[in-house]
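A short write-up of the structure that comes next.
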Amino acid sequence: MLRVRCLRGGSRGAEAAHYIGSRLRGAFTGWVQRTFQSTQAAAASQNTCAADEKATSPVPKDCLVCSYNEWDPLEEVIVGRAENACVPPFSVEVKANTYEKYWGFYQKFGGQSFPKDHLKKAVAEIEEMCNILKGEGVIVKRPDPIDWSVKYKTPDFESTGMYAAMPRDILLVVGNEIIEAPMAWRARFFEYRAYRRLIKDYFNSGAKWTTAPKPTMADELYDQNYPIHSVEDRHKLAAQGKFVTTEFEPCFDAADFIRAGRDIFVQRSQVTNHMGIEWMRRHLAPDYRVHIISFKDPNPMHIDATFNIIGPGLVLSNPDRPCHQIELFKKAGWTVIQPPVPLIPDDHPLWMSSKWLSMNVLMLDEKRVMVDANETSIQKMFEKLGISTIKVNIRHANSLGGGFHCWTCDIRRRGTLQSYFD
């Protein structure tokens, strides 16, 4: 309906509105009729009726994409690449997400390749991981190799790229929909390019494809004076709900979300703000419920080394970062397991992560888990739970910021949408 607002002018304004409306009504009505007829003709020419598609199944029969949780039998997965990985420039958002002992490393090597020998070993580890997944009957897809050292410039910032190592950070699969996260680091602005070939293939198979609003990543998105000179500072700020990202515009990394059927859990972190969470909440409603949970974490970034759901009613909860809402899970009858202390040595470089990547595991189904070959303590924990361990060594790959869950994005799991909290 065409509306003409009368801001001021009393009866004269009303008369003007009536006059304008009478002059426009005929033209507007004709335009609506022509548009409606054109739309009808276009719709009639389609081979597939949208109403018929909606009436049959929420997931097209031949769609390659379908995953509702973290534990249904895994059939297809994207595994990231370490090739050409570059150290991100040492900007304020990188500083807020890394440990102080590595700041010199970022200041010296930002925009350059990670150490070549280390990368070579990481590449070999991930290739072996892919081979083992294939041996377990899983279809493996890989992103395209890209030169991440190329400089780029937007109207708001300049940067170089980082890598396409962690598909879990940028892609979230909910049912038959692939959601591209907007990201929060400037070095990751164009990371989506490495996955576009794959996503187009999945789209052509019937998947939904959604790209979340891309942030400008202007200076206003970040607290330029964010005080993080000590762990104490970080704890205090996190407890106050203060992070390096502001609410200037929506931003989130997909790895801050973890799925349990109709319920999806997310944390407000250094890379995921409330606007980003609210965008996801509205986008996924009413079929899915997005819940914010929080932790005693001095440096929250990505939920899956803090809180990793590994089965229906089963969750790993980091003992160093207890969940403030853990009673929600206990009241629902869930079993909360605290994984053992990681065994990774102190001198192993972890430029972009913590030792707790030991709990960043990938479930192949409810009874099989991919776990680090060096982490014998957590292997024993899984075996006591009746879960077989598939042991793979990715220690050098860990240094780039992720474990098995981070290095993968499950595209298809054999299962249906369930509710585990009703």
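Here, A, B, ... name the chains of the structure tokens in the order displayed, residue numbers run from 1 inside each chain, and ligands are numbered from 1 in the same displayed order.
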Taking only C-alpha atoms into account, produce a table as a Markdown table in which each residue of segment 309-393 of chain A with an atom at most 10 Å from an atom of segment 135-157 of chain A appears once, together with its shortest atom pair and the distance in Å to one decimal, ordered by chain and rising number.
```
| residue | atom | partner | partner_atom | distance |
| --- | --- | --- | --- | --- |
| A:Leu364 | CA | A:Glu136 | CA | 8.6 |
| A:Arg368 | CA | A:Glu136 | CA | 9.9 |
| A:Ile390 | CA | A:Glu136 | CA | 9.4 |
```
**Prompt:** Quick one: residues within 10 Å of Trp71 of chain A, only C-alpha atoms counted, chain neighbours fewer than 4 positions away excluded, as a count of residues only?
**Reply:** 19
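Restricting the calculation to only C-alpha atoms, the smallest distance between Trp351 of chain A and any of A:Leu417, A:Val266, A:Leu284, A:Ala397 is found for A:Ala397.
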Kindly assemble as a tab-separated table a list of the segment 253-352 of chain A residues that lie within 12 Å of segment 382-389 of chain A, each paired with its nearest atom pair and their distance in Å to one decimal, using only C-alpha atoms, sorted first by chain and then by ascending residue number.
```
residue	atom	partner	partner_atom	distance
A:Ile310	CA	A:Ile387	CA	10.4
A:Gly311	CA	A:Ile387	CA	10.5
A:Leu314	CA	A:Leu385	CA	10.3
A:Val315	CA	A:Leu385	CA	12.0
A:Leu316	CA	A:Phe382	CA	10.7
A:Thr335	CA	A:Leu385	CA	11.2
A:Ile337	CA	A:Leu385	CA	10.2
A:Gln338	CA	A:Phe382	CA	11.5
A:Pro339	CA	A:Phe382	CA	9.3
A:Pro340	CA	A:Phe382	CA	10.7
```
Could you save the residues just selected, with N, CA and C atoms, as a CSV table (one decimal), in the first residue's frame?
```
chain,number,residue,atom,x,y,z
A,310,ILE,N,29.6,-34.1,22.3
A,310,ILE,CA,30.2,-35.3,21.6
A,310,ILE,C,29.1,-36.4,21.4
A,311,GLY,N,27.9,-36.2,21.9
A,311,GLY,CA,26.9,-37.2,21.7
A,311,GLY,C,25.6,-36.7,22.3
A,314,LEU,N,25.7,-35.9,26.0
A,314,LEU,CA,27.1,-36.0,26.5
A,314,LEU,C,27.9,-34.8,26.0
A,315,VAL,N,28.6,-34.2,27.0
A,315,VAL,CA,29.4,-33.0,26.6
A,315,VAL,C,30.7,-33.0,27.4
A,316,LEU,N,31.7,-32.5,26.7
A,316,LEU,CA,33.0,-32.3,27.3
A,316,LEU,C,33.1,-30.9,27.8
A,335,THR,N,25.1,-35.7,30.7
A,335,THR,CA,26.3,-36.1,31.4
A,335,THR,C,27.4,-35.1,31.0
A,337,ILE,N,31.3,-34.2,31.3
A,337,ILE,CA,32.5,-34.8,31.5
A,337,ILE,C,33.7,-33.8,31.4
A,338,GLN,N,34.5,-33.8,32.4
A,338,GLN,CA,35.7,-33.0,32.4
A,338,GLN,C,36.9,-33.8,31.9
A,339,PRO,N,37.4,-33.4,30.7
A,339,PRO,CA,38.5,-34.1,30.1
A,339,PRO,C,39.8,-33.9,30.9
A,340,PRO,N,40.7,-34.9,30.8
A,340,PRO,CA,42.0,-34.8,31.6
A,340,PRO,C,42.9,-33.7,31.1
```
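Every protein or nucleic acid residue with an atom no more than 6 Å from Gln270 of chain A, counting only C-alpha atoms and leaving out same-chain residues fewer than 4 positions away, appears here: Phe243, Val244, Thr245 and Met301 of chain A.
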Please return, as a PDB file with N, CA, C and O atoms, in the first residue's frame, all residues of segment 111-209 of chain A that DSSP assigns to alpha helix (DSSP H) on the basis of the backbone.
```pdb
ATOM      1  N   LYS A 116      58.553 -22.237   7.396  1.00  0.00           N
ATOM      2  CA  LYS A 116      58.370 -23.179   6.285  1.00  0.00           C
ATOM      3  C   LYS A 116      58.478 -24.635   6.713  1.00  0.00           C
ATOM      4  O   LYS A 116      57.674 -25.481   6.288  1.00  0.00           O
ATOM      5  N   ASP A 117      59.487 -24.964   7.520  1.00  0.00           N
ATOM      6  CA  ASP A 117      59.651 -26.352   7.949  1.00  0.00           C
ATOM      7  C   ASP A 117      58.453 -26.825   8.762  1.00  0.00           C
ATOM      8  O   ASP A 117      57.997 -27.967   8.625  1.00  0.00           O
ATOM      9  N   HIS A 118      57.949 -25.929   9.613  1.00  0.00           N
ATOM     10  CA  HIS A 118      56.793 -26.266  10.434  1.00  0.00           C
ATOM     11  C   HIS A 118      55.562 -26.489   9.551  1.00  0.00           C
ATOM     12  O   HIS A 118      54.807 -27.453   9.748  1.00  0.00           O
ATOM     13  N   LEU A 119      55.373 -25.611   8.579  1.00  0.00           N
ATOM     14  CA  LEU A 119      54.232 -25.743   7.671  1.00  0.00           C
ATOM     15  C   LEU A 119      54.291 -27.054   6.884  1.00  0.00           C
ATOM     16  O   LEU A 119      53.269 -27.711   6.681  1.00  0.00           O
ATOM     17  N   LYS A 120      55.492 -27.407   6.448  1.00  0.00           N
ATOM     18  CA  LYS A 120      55.662 -28.639   5.674  1.00  0.00           C
ATOM     19  C   LYS A 120      55.198 -29.850   6.480  1.00  0.00           C
ATOM     20  O   LYS A 120      54.509 -30.744   5.962  1.00  0.00           O
ATOM     21  N   LYS A 121      55.536 -29.855   7.770  1.00  0.00           N
ATOM     22  CA  LYS A 121      55.121 -30.968   8.627  1.00  0.00           C
ATOM     23  C   LYS A 121      53.612 -30.934   8.858  1.00  0.00           C
ATOM     24  O   LYS A 121      52.960 -31.981   8.886  1.00  0.00           O
ATOM     25  N   ALA A 122      53.056 -29.738   9.011  1.00  0.00           N
ATOM     26  CA  ALA A 122      51.611 -29.610   9.205  1.00  0.00           C
ATOM     27  C   ALA A 122      50.846 -30.107   7.982  1.00  0.00           C
ATOM     28  O   ALA A 122      49.823 -30.795   8.113  1.00  0.00           O
ATOM     29  N   VAL A 123      51.330 -29.761   6.791  1.00  0.00           N
ATOM     30  CA  VAL A 123      50.695 -30.208   5.544  1.00  0.00           C
ATOM     31  C   VAL A 123      50.674 -31.740   5.483  1.00  0.00           C
ATOM     32  O   VAL A 123      49.655 -32.354   5.145  1.00  0.00           O
ATOM     33  N   ALA A 124      51.804 -32.349   5.833  1.00  0.00           N
ATOM     34  CA  ALA A 124      51.900 -33.813   5.802  1.00  0.00           C
ATOM     35  C   ALA A 124      50.940 -34.446   6.816  1.00  0.00           C
ATOM     36  O   ALA A 124      50.291 -35.466   6.529  1.00  0.00           O
ATOM     37  N   GLU A 125      50.821 -33.843   7.994  1.00  0.00           N
ATOM     38  CA  GLU A 125      49.920 -34.373   9.018  1.00  0.00           C
ATOM     39  C   GLU A 125      48.462 -34.336   8.550  1.00  0.00           C
ATOM     40  O   GLU A 125      47.713 -35.305   8.736  1.00  0.00           O
ATOM     41  N   ILE A 126      48.070 -33.231   7.934  1.00  0.00           N
ATOM     42  CA  ILE A 126      46.684 -33.109   7.496  1.00  0.00           C
ATOM     43  C   ILE A 126      46.392 -34.035   6.312  1.00  0.00           C
ATOM     44  O   ILE A 126      45.289 -34.577   6.191  1.00  0.00           O
ATOM     45  N   GLU A 127      47.382 -34.245   5.443  1.00  0.00           N
ATOM     46  CA  GLU A 127      47.206 -35.214   4.358  1.00  0.00           C
ATOM     47  C   GLU A 127      46.958 -36.605   4.928  1.00  0.00           C
ATOM     48  O   GLU A 127      46.089 -37.348   4.441  1.00  0.00           O
ATOM     49  N   GLU A 128      47.712 -36.961   5.958  1.00  0.00           N
ATOM     50  CA  GLU A 128      47.527 -38.278   6.586  1.00  0.00           C
ATOM     51  C   GLU A 128      46.154 -38.352   7.258  1.00  0.00           C
ATOM     52  O   GLU A 128      45.478 -39.385   7.198  1.00  0.00           O
ATOM     53  N   MET A 129      45.748 -37.263   7.887  1.00  0.00           N
ATOM     54  CA  MET A 129      44.413 -37.208   8.492  1.00  0.00           C
ATOM     55  C   MET A 129      43.326 -37.454   7.437  1.00  0.00           C
ATOM     56  O   MET A 129      42.372 -38.202   7.671  1.00  0.00           O
ATOM     57  N   CYS A 130      43.479 -36.831   6.267  1.00  0.00           N
ATOM     58  CA  CYS A 130      42.512 -37.032   5.177  1.00  0.00           C
ATOM     59  C   CYS A 130      42.481 -38.491   4.736  1.00  0.00           C
ATOM     60  O   CYS A 130      41.402 -39.057   4.495  1.00  0.00           O
ATOM     61  N   ASN A 131      43.652 -39.099   4.634  1.00  0.00           N
ATOM     62  CA  ASN A 131      43.725 -40.505   4.227  1.00  0.00           C
ATOM     63  C   ASN A 131      43.020 -41.411   5.235  1.00  0.00           C
ATOM     64  O   ASN A 131      42.330 -42.365   4.862  1.00  0.00           O
ATOM     65  N   ILE A 132      43.203 -41.114   6.520  1.00  0.00           N
ATOM     66  CA  ILE A 132      42.559 -41.922   7.555  1.00  0.00           C
ATOM     67  C   ILE A 132      41.046 -41.740   7.517  1.00  0.00           C
ATOM     68  O   ILE A 132      40.291 -42.709   7.659  1.00  0.00           O
ATOM     69  N   LEU A 133      40.577 -40.515   7.307  1.00  0.00           N
ATOM     70  CA  LEU A 133      39.140 -40.276   7.184  1.00  0.00           C
ATOM     71  C   LEU A 133      38.563 -41.064   6.009  1.00  0.00           C
ATOM     72  O   LEU A 133      37.494 -41.684   6.119  1.00  0.00           O
ATOM     73  N   LYS A 134      39.264 -41.030   4.880  1.00  0.00           N
ATOM     74  CA  LYS A 134      38.802 -41.790   3.719  1.00  0.00           C
ATOM     75  C   LYS A 134      38.756 -43.287   4.039  1.00  0.00           C
ATOM     76  O   LYS A 134      37.829 -43.991   3.613  1.00  0.00           O
ATOM     77  N   GLY A 135      39.756 -43.763   4.783  1.00  0.00           N
ATOM     78  CA  GLY A 135      39.779 -45.164   5.176  1.00  0.00           C
ATOM     79  C   GLY A 135      38.629 -45.544   6.091  1.00  0.00           C
ATOM     80  O   GLY A 135      38.222 -46.711   6.153  1.00  0.00           O
ATOM     81  N   PRO A 167      38.078 -24.671   8.378  1.00  0.00           N
ATOM     82  CA  PRO A 167      36.734 -24.465   7.817  1.00  0.00           C
ATOM     83  C   PRO A 167      35.662 -24.323   8.891  1.00  0.00           C
ATOM     84  O   PRO A 167      34.629 -23.695   8.654  1.00  0.00           O
ATOM     85  N   ARG A 168      35.898 -24.861  10.079  1.00  0.00           N
ATOM     86  CA  ARG A 168      34.918 -24.736  11.159  1.00  0.00           C
ATOM     87  C   ARG A 168      34.737 -23.278  11.582  1.00  0.00           C
ATOM     88  O   ARG A 168      33.675 -22.897  12.076  1.00  0.00           O
ATOM     89  N   ASP A 169      35.780 -22.460  11.359  1.00  0.00           N
ATOM     90  CA  ASP A 169      35.710 -21.049  11.753  1.00  0.00           C
ATOM     91  C   ASP A 169      34.779 -20.239  10.855  1.00  0.00           C
ATOM     92  O   ASP A 169      34.183 -19.259  11.300  1.00  0.00           O
ATOM     93  N   ILE A 170      34.660 -20.648   9.603  1.00  0.00           N
ATOM     94  CA  ILE A 170      33.965 -19.809   8.622  1.00  0.00           C
ATOM     95  C   ILE A 170      32.671 -20.426   8.115  1.00  0.00           C
ATOM     96  O   ILE A 170      31.805 -19.714   7.617  1.00  0.00           O
ATOM     97  N   ARG A 196      34.559 -21.162  -2.101  1.00  0.00           N
ATOM     98  CA  ARG A 196      33.452 -20.865  -3.000  1.00  0.00           C
ATOM     99  C   ARG A 196      33.187 -21.963  -4.027  1.00  0.00           C
ATOM    100  O   ARG A 196      32.039 -22.249  -4.361  1.00  0.00           O
ATOM    101  N   ARG A 197      34.222 -22.579  -4.556  1.00  0.00           N
ATOM    102  CA  ARG A 197      34.021 -23.661  -5.531  1.00  0.00           C
ATOM    103  C   ARG A 197      33.211 -24.790  -4.889  1.00  0.00           C
ATOM    104  O   ARG A 197      32.248 -25.297  -5.486  1.00  0.00           O
ATOM    105  N   LEU A 198      33.573 -25.178  -3.692  1.00  0.00           N
ATOM    106  CA  LEU A 198      32.865 -26.249  -2.999  1.00  0.00           C
ATOM    107  C   LEU A 198      31.423 -25.858  -2.698  1.00  0.00           C
ATOM    108  O   LEU A 198      30.496 -26.647  -2.917  1.00  0.00           O
ATOM    109  N   ILE A 199      31.235 -24.631  -2.215  1.00  0.00           N
ATOM    110  CA  ILE A 199      29.892 -24.220  -1.816  1.00  0.00           C
ATOM    111  C   ILE A 199      28.972 -24.120  -3.034  1.00  0.00           C
ATOM    112  O   ILE A 199      27.783 -24.468  -2.961  1.00  0.00           O
ATOM    113  N   LYS A 200      29.512 -23.686  -4.156  1.00  0.00           N
ATOM    114  CA  LYS A 200      28.693 -23.647  -5.375  1.00  0.00           C
ATOM    115  C   LYS A 200      28.259 -25.053  -5.786  1.00  0.00           C
ATOM    116  O   LYS A 200      27.118 -25.254  -6.221  1.00  0.00           O
ATOM    117  N   ASP A 201      29.150 -26.021  -5.626  1.00  0.00           N
ATOM    118  CA  ASP A 201      28.782 -27.401  -5.932  1.00  0.00           C
ATOM    119  C   ASP A 201      27.668 -27.887  -5.008  1.00  0.00           C
ATOM    120  O   ASP A 201      26.706 -28.540  -5.456  1.00  0.00           O
ATOM    121  N   TYR A 202      27.790 -27.568  -3.733  1.00  0.00           N
ATOM    122  CA  TYR A 202      26.754 -27.978  -2.786  1.00  0.00           C
ATOM    123  C   TYR A 202      25.430 -27.256  -3.077  1.00  0.00           C
ATOM    124  O   TYR A 202      24.354 -27.846  -2.966  1.00  0.00           O
ATOM    125  N   PHE A 203      25.527 -25.994  -3.441  1.00  0.00           N
ATOM    126  CA  PHE A 203      24.324 -25.235  -3.804  1.00  0.00           C
ATOM    127  C   PHE A 203      23.631 -25.874  -5.002  1.00  0.00           C
ATOM    128  O   PHE A 203      22.403 -26.032  -5.027  1.00  0.00           O
ATOM    129  N   ASN A 204      24.420 -26.281  -5.993  1.00  0.00           N
ATOM    130  CA  ASN A 204      23.856 -26.900  -7.190  1.00  0.00           C
ATOM    131  C   ASN A 204      23.241 -28.265  -6.893  1.00  0.00           C
ATOM    132  O   ASN A 204      22.421 -28.763  -7.661  1.00  0.00           O
TER     133      ASN A 204
END
```
Select from segment 253-325 of chain A every residue with an atom at most 10 Å from any atom of segment 398-404 of chain A, then for each give the shortest pair of atoms and their distance in Å to one decimal, using only C-alpha atoms, rows by chain and rising number, as JSON lines.
```
{"residue": "A:His302", "atom": "CA", "partner": "A:Gly402", "partner_atom": "CA", "distance": 9.9}
{"residue": "A:Asp304", "atom": "CA", "partner": "A:Gly403", "partner_atom": "CA", "distance": 9.2}
{"residue": "A:Ala305", "atom": "CA", "partner": "A:Gly403", "partner_atom": "CA", "distance": 8.4}
```
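Taking only C-alpha atoms into account, Tyr106 of chain A lies nearest to A:Met352 out of the set A:Val77, A:Met352, A:Val341, A:Ile394.
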Contact table segment 88-131 of chain A vs segment 179-190 of chain A, cut-off 9 Å, shortest pair per residue, only C-alpha atoms, as a Markdown table:
```
| residue | atom | partner | partner_atom | distance |
| --- | --- | --- | --- | --- |
| A:Pro88 | CA | A:Ala187 | CA | 5.7 |
| A:Pro89 | CA | A:Ala187 | CA | 7.2 |
| A:Ser91 | CA | A:Arg186 | CA | 8.4 |
| A:Glu93 | CA | A:Trp185 | CA | 6.4 |
| A:Val94 | CA | A:Trp185 | CA | 7.1 |
| A:Gly111 | CA | A:Ala187 | CA | 8.9 |
```
For those residues, write C-alpha atoms to a file as an mmCIF file, in the first residue's frame.
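Full text of result_32.cif as output:
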```
data_model
loop_
_atom_site.group_PDB
_atom_site.id
_atom_site.type_symbol
_atom_site.label_atom_id
_atom_site.label_comp_id
_atom_site.auth_asym_id
_atom_site.auth_seq_id
_atom_site.Cartn_x
_atom_site.Cartn_y
_atom_site.Cartn_z
ATOM 1 C CA PRO A 88 48.265 -12.295 10.380
ATOM 2 C CA PRO A 89 49.402 -8.687 10.817
ATOM 3 C CA SER A 91 46.431 -5.611 14.686
ATOM 4 C CA GLU A 93 41.959 -7.864 17.270
ATOM 5 C CA VAL A 94 44.886 -10.284 16.802
ATOM 6 C CA GLY A 111 52.104 -10.698 6.750
#
```
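Distance-wise, atom CA of Phe421 of chain A and atom CA of His324 of chain A end up 17.7 Å apart.
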**Message:** DSSP on the backbone, strand (DSSP E or B) only: what residues of segment 182-351 of chain A does that give? Format it as a PyMOL selection string.
**Reply:** chain A and resi 208-211+222+245+257-261+263-266+289-292+295+307-311+314-317+323+335-337
**Request:** Quick one: everything within 10 Å of Asn374 of chain A, counting only C-alpha atoms, minus sequence neighbours fewer than 5 positions away in the same chain. Send it as a PyMOL selection string.
**Result:** chain A and resi 342-344+358+379+391-395
Can I get the selected residues back with N, CA and C atoms, as an mmCIF file, in the first residue's frame?
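So part.cif came out as:
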```
data_model
loop_
_atom_site.group_PDB
_atom_site.id
_atom_site.type_symbol
_atom_site.label_atom_id
_atom_site.label_comp_id
_atom_site.auth_asym_id
_atom_site.auth_seq_id
_atom_site.Cartn_x
_atom_site.Cartn_y
_atom_site.Cartn_z
ATOM 1 N N PRO A 342 45.711 -31.720 29.330
ATOM 2 C CA PRO A 342 46.445 -32.044 28.091
ATOM 3 C C PRO A 342 47.901 -32.414 28.366
ATOM 4 N N LEU A 343 48.448 -33.235 27.480
ATOM 5 C CA LEU A 343 49.822 -33.698 27.632
ATOM 6 C C LEU A 343 50.812 -32.957 26.741
ATOM 7 N N ILE A 344 50.360 -32.046 25.922
ATOM 8 C CA ILE A 344 51.254 -31.339 25.005
ATOM 9 C C ILE A 344 52.307 -30.566 25.803
ATOM 10 N N SER A 358 43.400 -30.661 22.940
ATOM 11 C CA SER A 358 43.259 -32.099 23.188
ATOM 12 C C SER A 358 41.791 -32.522 23.216
ATOM 13 N N GLN A 379 42.495 -40.411 25.410
ATOM 14 C CA GLN A 379 42.161 -41.665 24.730
ATOM 15 C C GLN A 379 41.560 -42.658 25.727
ATOM 16 N N LYS A 391 43.408 -42.634 16.208
ATOM 17 C CA LYS A 391 44.530 -41.814 16.647
ATOM 18 C C LYS A 391 45.289 -41.233 15.457
ATOM 19 N N VAL A 392 45.452 -39.928 15.472
ATOM 20 C CA VAL A 392 46.159 -39.217 14.394
ATOM 21 C C VAL A 392 47.037 -38.145 15.043
ATOM 22 N N ASN A 393 48.236 -38.000 14.523
ATOM 23 C CA ASN A 393 49.162 -36.989 15.058
ATOM 24 C C ASN A 393 49.065 -35.713 14.222
ATOM 25 N N ILE A 394 48.578 -34.624 14.843
ATOM 26 C CA ILE A 394 48.546 -33.339 14.136
ATOM 27 C C ILE A 394 49.159 -32.226 14.999
ATOM 28 N N ARG A 395 50.221 -32.553 15.697
ATOM 29 C CA ARG A 395 50.840 -31.592 16.597
ATOM 30 C C ARG A 395 51.285 -30.311 15.886
#
```
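The two atoms in question, atom CA of Ala255 of chain A and atom CA of Val361 of chain A, are spaced 13.3 Å apart.
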**Message:** Let me make sure I understand: among A:Val174, A:Glu232, A:Ser377, A:Glu158, which one has the smallest atom-to-atom distance to Asp219 of chain A if we use only C-alpha atoms?
**Reply:** A:Glu158
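For the atom pair formed by atom CA of Cys323 of chain A and atom CA of Thr306 of chain A, the distance is 8.6 Å, given to one decimal.
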